[in-house]
Amino acid sequence: MQRVVSLVSLLFLGSAWTLQGVQALPETLSLTQENFDLGRFMGQWYEVAVVSTCPHYMQRKRGNPVIVALELQHVASQSNFTLTASTFRNGSCKRTSTNYNLTNTPGQFFYHVARFGADVDSYVVHTNYEEYAMMLLLSTEKPSGNKTTIVKLYSRSVDVSPDVLDNFKTLVRQHGTSDGAIIMNQNKGECVPGDQATEPSTQTQISVPERSRRNVVPHVDSGNIGPFERSSHGQTEEEDHHTNTHETFMLSHA
């Protein structure tokens, strides 16, 4: 009997040690693509789907669910890369560029929005480089400490397969967000600065299956951040600031 009790005690202690060991692992080990290759990740992408924990972001994005064309460029000798985002806003094509700093963790990038003291970490969670990339964006505003999670699906074309979309839904759920909240962006044609937006085709560009990989730690389209002021839509100063902050977060990290 004593031997049985001792064995149970050892099993319990072993389980507790294992749990402690898992908790001690750095978050980045489960947040980025294994053996990430920066060179293969560069080039042309399209943001085809997105979901966020920020209601202001989601409201703004639902009002303009447009595919964002992305161009990523990196000079081998530099410790950052440039992301140029082109998308239709307010009926015309807009283009913005953002520099992303590389980190010691392959597949993790960082930039800082100085005007509002917001630190943004971006993770390439899953990618096969030739077809899709699933992105996780974690933003922390200072001094408020407000945190936001955005999960995005990049594609090398304006279409994605049902299997890729299924995997994206799984990632979204792992971050505590319903896959029913995912916004599927619409294709309004090639975005050239100065051009006007065209209406999307009546055909469905992305097939969304009725069904909804690596576990990541639940946490957390772009515009310009404006000063505190009451918007033309009747938002309060705080609401408008929050919306604009995450709109910039959207595009600069599209």
# chains A, B, ... in the order shown; residues from 1 in each chain; ligands from 1

$ select_by_dssp --residues "region 36-156 of chain A" --states "strand (DSSP E)" --output "PDB file with C-alpha atoms, in the first residue's frame"
ATOM      1  CA  GLY A  43       7.400  39.752 -51.947  1.00  0.00           C
ATOM      2  CA  GLN A  44       3.737  40.228 -52.890  1.00  0.00           C
ATOM      3  CA  TRP A  45       0.907  39.276 -50.517  1.00  0.00           C
ATOM      4  CA  TYR A  46      -2.796  40.053 -50.178  1.00  0.00           C
ATOM      5  CA  GLU A  47      -4.656  40.457 -46.909  1.00  0.00           C
ATOM      6  CA  VAL A  48      -7.801  38.433 -47.569  1.00  0.00           C
ATOM      7  CA  ALA A  49      -9.262  37.888 -44.075  1.00  0.00           C
ATOM      8  CA  VAL A  50      -9.007  39.512 -40.650  1.00  0.00           C
ATOM      9  CA  VAL A  51     -10.492  39.486 -37.149  1.00  0.00           C
ATOM     10  CA  SER A  52      -9.708  41.590 -34.085  1.00  0.00           C
ATOM     11  CA  VAL A  68      -5.099  44.998 -49.110  1.00  0.00           C
ATOM     12  CA  ALA A  69      -2.196  44.499 -51.510  1.00  0.00           C
ATOM     13  CA  LEU A  70       1.140  44.180 -49.710  1.00  0.00           C
ATOM     14  CA  GLU A  71       4.714  44.411 -50.937  1.00  0.00           C
ATOM     15  CA  LEU A  72       7.470  43.318 -48.529  1.00  0.00           C
ATOM     16  CA  GLN A  73      11.062  44.287 -49.302  1.00  0.00           C
ATOM     17  CA  HIS A  74      14.223  43.549 -47.329  1.00  0.00           C
ATOM     18  CA  ASN A  80      14.470  45.805 -40.874  1.00  0.00           C
ATOM     19  CA  PHE A  81      12.190  45.467 -43.874  1.00  0.00           C
ATOM     20  CA  THR A  82       9.599  47.703 -45.538  1.00  0.00           C
ATOM     21  CA  LEU A  83       5.939  46.790 -45.910  1.00  0.00           C
ATOM     22  CA  THR A  84       4.039  48.847 -48.474  1.00  0.00           C
ATOM     23  CA  ALA A  85       0.244  48.516 -48.240  1.00  0.00           C
ATOM     24  CA  SER A  86      -2.142  49.582 -51.014  1.00  0.00           C
ATOM     25  CA  THR A  87      -5.896  49.591 -50.531  1.00  0.00           C
ATOM     26  CA  PHE A  88      -9.066  51.496 -51.406  1.00  0.00           C
ATOM     27  CA  ARG A  89     -10.300  53.900 -48.706  1.00  0.00           C
ATOM     28  CA  SER A  92      -9.730  56.029 -53.831  1.00  0.00           C
ATOM     29  CA  CYS A  93      -6.488  54.076 -53.666  1.00  0.00           C
ATOM     30  CA  LYS A  94      -4.200  54.836 -50.727  1.00  0.00           C
ATOM     31  CA  ARG A  95      -0.638  53.619 -50.180  1.00  0.00           C
ATOM     32  CA  THR A  96       1.392  53.590 -46.969  1.00  0.00           C
ATOM     33  CA  SER A  97       4.835  52.245 -46.035  1.00  0.00           C
ATOM     34  CA  THR A  98       6.018  51.012 -42.658  1.00  0.00           C
ATOM     35  CA  ASN A  99       9.435  49.831 -41.491  1.00  0.00           C
ATOM     36  CA  TYR A 100       9.416  46.660 -39.405  1.00  0.00           C
ATOM     37  CA  ASN A 101      12.335  45.871 -37.135  1.00  0.00           C
ATOM     38  CA  LEU A 102      13.628  42.315 -37.087  1.00  0.00           C
ATOM     39  CA  GLN A 108       8.735  37.984 -35.119  1.00  0.00           C
ATOM     40  CA  PHE A 109       8.826  41.695 -36.019  1.00  0.00           C
ATOM     41  CA  PHE A 110       8.315  44.912 -34.100  1.00  0.00           C
ATOM     42  CA  TYR A 111       7.419  48.546 -34.637  1.00  0.00           C
ATOM     43  CA  HIS A 112       6.450  51.446 -32.402  1.00  0.00           C
ATOM     44  CA  VAL A 113       3.748  54.079 -32.974  1.00  0.00           C
ATOM     45  CA  ALA A 118       1.883  51.827 -28.934  1.00  0.00           C
ATOM     46  CA  ASP A 119       4.220  48.834 -29.198  1.00  0.00           C
ATOM     47  CA  VAL A 120       3.241  46.363 -31.904  1.00  0.00           C
ATOM     48  CA  ASP A 121       4.609  42.834 -32.198  1.00  0.00           C
ATOM     49  CA  SER A 122       3.877  40.876 -35.372  1.00  0.00           C
ATOM     50  CA  TYR A 123       4.281  37.109 -35.668  1.00  0.00           C
ATOM     51  CA  VAL A 124       4.246  34.836 -38.707  1.00  0.00           C
ATOM     52  CA  VAL A 125       2.465  31.936 -37.006  1.00  0.00           C
ATOM     53  CA  HIS A 126       2.034  29.611 -40.001  1.00  0.00           C
ATOM     54  CA  THR A 127       3.136  29.896 -43.627  1.00  0.00           C
ATOM     55  CA  TYR A 132      -0.563  31.583 -47.418  1.00  0.00           C
ATOM     56  CA  ALA A 133       0.690  33.199 -44.214  1.00  0.00           C
ATOM     57  CA  MET A 134      -1.237  33.492 -40.947  1.00  0.00           C
ATOM     58  CA  MET A 135      -0.297  36.582 -38.959  1.00  0.00           C
ATOM     59  CA  LEU A 136      -0.756  37.470 -35.308  1.00  0.00           C
ATOM     60  CA  LEU A 137      -0.505  41.133 -34.258  1.00  0.00           C
ATOM     61  CA  LEU A 138      -0.281  42.057 -30.576  1.00  0.00           C
ATOM     62  CA  SER A 139      -0.533  45.737 -29.701  1.00  0.00           C
ATOM     63  CA  THR A 140      -0.003  47.377 -26.302  1.00  0.00           C
ATOM     64  CA  GLU A 141      -0.841  51.052 -25.842  1.00  0.00           C
ATOM     65  CA  LYS A 147      -4.046  45.392 -25.480  1.00  0.00           C
ATOM     66  CA  THR A 148      -5.410  44.327 -28.852  1.00  0.00           C
ATOM     67  CA  THR A 149      -5.127  41.100 -30.823  1.00  0.00           C
ATOM     68  CA  ILE A 150      -5.496  41.013 -34.602  1.00  0.00           C
ATOM     69  CA  VAL A 151      -5.280  37.807 -36.629  1.00  0.00           C
ATOM     70  CA  LYS A 152      -4.829  38.119 -40.391  1.00  0.00           C
ATOM     71  CA  LEU A 153      -4.692  35.772 -43.342  1.00  0.00           C
ATOM     72  CA  TYR A 154      -2.285  36.629 -46.149  1.00  0.00           C
ATOM     73  CA  SER A 155      -2.440  34.958 -49.556  1.00  0.00           C
TER      74      SER A 155
END

$ select_by_dssp --residues "region 76-205 of chain A" --states "alpha helix (DSSP H)" --output "PyMOL selection string"
chain A and resi 162-174

$ atom_distance --atom1 "CA of Gly176 (chain A)" --atom2 "CA of Arg115 (chain A)"
29.5 Å

$ closest_residue --among "A:Cys54, A:Val66, A:Ala76, A:Leu165" --to "Leu38 (chain A)" --atoms "only C-alpha atoms"
A:Ala76
